[in-house]
Amino acid sequence: MLLPAFVDLHLHIDKTFVVDEVGVVEGDLFAAIEIMAKHRDGWTADHIRPRMERAVREAYAGGCRALRTHLDWMRKDAPPSLAVFEALRDAWRGKLVMQCVSLTPLDFFDDAFDSEDLALEVATANNTCDKARGEAALLGAFVYRNERIYDKLQRVFDLASKNGLDIDFHVDEGLDADARGLRAIADLTIKNKMQGRVTCGHACSLAMQPDDDALQTLKLCAEALIHLVSLPSTNLYLQGAWHRTPVERGITRLREAREASVSVSLATDNVADGFYPYGSYEPLKAWALGVQVGHLSQPLDWLSSITSAPSKAMGLPWDGLIREGCSVQDLLLVNAGDARDLMNTPLIQRLSDVQNISLKSD
Ligand SMILES: [Zn+2]
């Protein structure tokens with residue numbers, strides 16, 4: 001099969017490959033946040049760099065042409081991972097397009113904190129990007145059942161508007177039906193005229209809400225042109241009970257989202273860290289898992305969730321649809337004849353690396 005190279009819209013390459021140091025979490029998201037927070041305090045650029053380099057190398061080998069990673073950002077000043085990210089982004093320019101997002105608890109966006117300075121730091125990072133290639137730095141936040149959620153979200157929107165930044169939220173990553181951050185973000189995206197500039201990852205609680213309610217939220221998301229990202233591996237691992245077999249699985253409403261005309265991606269999220277001890281940088285695996293747990297019965301129809309949909313969300317110069325004029329370097333020759341083969345870790349080669357191949361226009 002000839003496929004467009006993949007786009008992984010949601011990664012955490014600053015945290016990756018630390019699972020042997022922090023241990024395997026046996027518990028929910030908040031247990032994982034706790035063990036990772038203790039570990040993160042000791043991170044230096046020298047600790048982060050080899051792990052991030054490995055992640056980028058593996059993403060490229062996994063067929064990626066672009067990725068977006070969140071970087072834990074717990075103070076107004078940029079974390080050491082930003083400089084490492086920027087050096088890697090520059091080194092890989094021409095092969096991979098890389099974007100980063102500041103990941104900060106939403107409560108930081110309270111008047112008592114220095115969120116103005118934080119946004120300025122992100123804007124400075126955004127200014128170092130080659131925009132024509134699709135590079136960007138975005139403002140982000142972790143949103144879950146926060147008090148005064150509208151006020152704090154509005155602050156994020158204000159800072160994003162003021163600094164010309166797009167936004168990427170972690171939102172409603174849990175199974176409490178009253179986690180309604182996605183609805184608030186959709187409301188505020190419309191109110192602040194930020195349509196098409198907001199990405200929302202996870203939205204697990206949407207699956208726990210009554211159908212009518214959830215569909216109403218998705219309708220608003222469609223109006224707000226919010227891009228929804230589902231992260232099946234981490235959700236399967238962290239959501240649902242740990243004291244018995246988990247029954248609720250935390251996958252957001254992929255099918256209903258598409259039916260409501262919400263653009264949807266599947267992405268990798270955590271790899272070998274305190275949140276998810278397994279995984280790899282292979283978008284095909286995120287797609288294959290999403291297809292199975294979401295009962296997406298036409299798998300090839302959902303390949304757009306790792307190709308054209310995230311391309312559009314990242315604002316890449318090429319939308320990922322194969323047509324005359326595509327860069328050969330961004331096309332993959334995959335040793336697969338159908339969806340089943342694609343799910344079984346096929347050999348992936350860049351078309352530009354394949355010798356003795358002749359392409360016909362049909
Ligand atoms: Zn994430």
# chains A, B, ... in the order shown; residues from 1 in each chain; ligands from 1

$ residues_near_ligand --ligand "ligand 1" --cutoff "10 Å" --atoms "only C-alpha atoms and all ligand atoms" --output "list in words"
Leu9, His10, Leu11, His12, Thr69, His70, Leu71, Leu103, Phe142, Phe169, His170, Val171, Glu173, Gly201, His202, Val229, Ser230, Leu231, Thr234, Asn235, Ala267, Thr268, Asp269, Asn270 and Phe275 of chain A

$ residues_around --residues "segment 21-28 of chain A" --least-positions-apart "4" --cutoff "12 Å" --atoms "only C-alpha atoms" --output "ChimeraX atom specification"
/A:15-17,32-40,42-43,47,173-175,234-244,246,249-250,271-278

$ closest_residue --among "A:Asp168, A:Asp117, A:Asp20, A:Asp110" --to "Ile149 of chain A" --atoms "only C-alpha atoms"
A:Asp110

$ residues_around --residues "Lys191 of chain A" --least-positions-apart "4" --cutoff "10 Å" --atoms "only C-alpha atoms" --output "compact mmCIF listing (two decimals) with C-alpha atoms, in the first residue's frame"
# COMPACT_ATOMS: atom_id res chain seq x y z
CA GLN A 154 -11.20 32.32 29.68
CA PHE A 157 -8.16 32.08 25.73
CA ILE A 185 -14.05 24.86 25.97
CA ALA A 186 -16.45 24.58 23.03
CA ASP A 187 -18.54 27.46 24.42
CA GLN A 195 -12.77 28.38 15.79
CA ALA A 224 -16.31 25.49 17.34

$ closest_residue --among "A:Thr245, A:Ser280, A:Ser233, A:Asn192" --to "Leu266 of chain A" --atoms "only C-alpha atoms"
A:Ser233

$ closest_residue --among "A:Arg93, A:Arg253, A:Arg340, A:Arg51" --to "Ala207 of chain A" --atoms "only C-alpha atoms"
A:Arg253

$ residues_around --residues "Lys131 of chain A" --least-positions-apart "3" --cutoff "12 Å" --atoms "only C-alpha atoms" --output "list of chain:residue names"
A:Arg93, A:Val97, A:Met98, A:Gln99, A:Ala125, A:Asn126, A:Asn127, A:Thr128, A:Gly134, A:Glu135, A:Ala136, A:Ala137, A:Met314, A:Gly315, A:Leu316, A:Pro317

$ closest_residue --among "A:Thr252, A:Arg49, A:Glu147, A:Arg180" --to "Cys204 of chain A" --atoms "only C-alpha atoms"
A:Thr252

$ select_by_dssp --residues "segment 179-235 of chain A" --states "alpha helix (DSSP H)" --output "PyMOL selection string"
chain A and resi 181-191+211-223+232-235

$ select_by_dssp --residues "segment 36-194 of chain A" --states "strand (DSSP E or B)" --output "PyMOL selection string"
chain A and resi 64-72+97-103+105+136-143+167-171

$ write_last_selection --atoms "C-alpha atoms" --output "tab-separated table (two decimals), in the first residue's frame"
chain	number	residue	atom	x	y	z
A	64	CYS	CA	5.88	9.89	10.96
A	65	ARG	CA	6.37	13.07	9.00
A	66	ALA	CA	5.11	15.32	11.79
A	67	LEU	CA	4.45	15.20	15.52
A	68	ARG	CA	3.16	17.38	18.31
A	69	THR	CA	4.47	16.85	21.82
A	70	HIS	CA	3.35	18.29	25.12
A	71	LEU	CA	6.09	19.47	27.50
A	72	ASP	CA	5.40	19.54	31.24
A	97	VAL	CA	7.79	18.75	11.43
A	98	MET	CA	7.65	19.18	15.21
A	99	GLN	CA	5.29	21.25	17.35
A	100	CYS	CA	5.28	21.62	21.13
A	101	VAL	CA	2.59	22.52	23.68
A	102	SER	CA	3.05	23.83	27.22
A	103	LEU	CA	1.30	21.44	29.61
A	105	PRO	CA	-2.49	22.55	35.33
A	136	ALA	CA	4.46	25.97	16.12
A	137	ALA	CA	4.45	26.27	19.89
A	138	LEU	CA	1.00	26.19	21.48
A	139	LEU	CA	-0.51	27.06	24.81
A	140	GLY	CA	-1.96	24.11	26.74
A	141	ALA	CA	-3.54	23.15	30.04
A	142	PHE	CA	-4.71	20.11	31.95
A	143	VAL	CA	-8.43	20.53	32.63
A	167	ILE	CA	-4.41	25.98	22.11
A	168	ASP	CA	-4.20	22.26	22.89
A	169	PHE	CA	-5.98	21.03	26.03
A	170	HIS	CA	-5.86	17.80	28.01
A	171	VAL	CA	-9.52	17.71	28.98

$ residues_around --residues "Ile226 of chain A" --least-positions-apart "3" --cutoff "10 Å" --atoms "only C-alpha atoms" --output "list in words"
Asp168, Leu182, Ile185, Ala186, Thr189, Ile190, Met194, Gln195, Gly196, Arg197, Val198, Thr199, Cys200, Leu218, Leu220, Cys221, Ala222, Glu223, Val229, Val262, Ser263, Val264 and Ala313 of chain A

$ residues_around --residues "Leu215 of chain A" --least-positions-apart "6" --cutoff "9 Å" --atoms "only C-alpha atoms" --output "ChimeraX atom specification"
/A:206,256-257,260

$ write_last_selection --atoms "N, CA and C atoms" --output "mmCIF file, in the first residue's frame"
data_model
loop_
_atom_site.group_PDB
_atom_site.id
_atom_site.type_symbol
_atom_site.label_atom_id
_atom_site.label_comp_id
_atom_site.auth_asym_id
_atom_site.auth_seq_id
_atom_site.Cartn_x
_atom_site.Cartn_y
_atom_site.Cartn_z
ATOM 1 N N LEU A 206 -16.939 12.077 28.297
ATOM 2 C CA LEU A 206 -18.020 12.174 27.310
ATOM 3 C C LEU A 206 -18.727 10.827 27.154
ATOM 4 N N GLU A 256 -19.616 8.869 17.297
ATOM 5 C CA GLU A 256 -20.566 9.982 17.389
ATOM 6 C C GLU A 256 -19.902 11.297 17.004
ATOM 7 N N ALA A 257 -18.612 11.423 17.361
ATOM 8 C CA ALA A 257 -17.891 12.656 17.008
ATOM 9 C C ALA A 257 -17.848 12.805 15.496
ATOM 10 N N ALA A 260 -21.059 13.723 14.042
ATOM 11 C CA ALA A 260 -21.409 15.130 14.299
ATOM 12 C C ALA A 260 -20.485 16.089 13.537
#

$ closest_residue --among "A:Asp77, A:Asn163, A:Pro232, A:Asp178" --to "Gly279 of chain A" --atoms "only C-alpha atoms"
A:Pro232

$ closest_residue --among "A:Leu106, A:Leu153, A:Ile322, A:Ala286" --to "Ile306 of chain A" --atoms "only C-alpha atoms"
A:Ala286

$ residues_around --residues "Leu321 of chain A" --least-positions-apart "2" --cutoff "12 Å" --atoms "only C-alpha atoms" --output "list in words"
Leu2, Leu3, Pro4, Ala5, Phe6, Leu303, Ser304, Ile306, Thr307, Ser308, Ala309, Pro310, Ser311, Lys312, Leu316, Pro317, Trp318, Asp319, Arg323, Glu324, Gly325, Cys326, Ser327, Asp330 and Leu331 of chain A

$ atom_distance --atom1 "atom CA of Arg57 of chain A" --atom2 "atom CA of Asp353 of chain A"
16.2 Å

$ atom_distance --atom1 "atom CA of Glu121 of chain A" --atom2 "atom CA of Lys152 of chain A"
18.8 Å
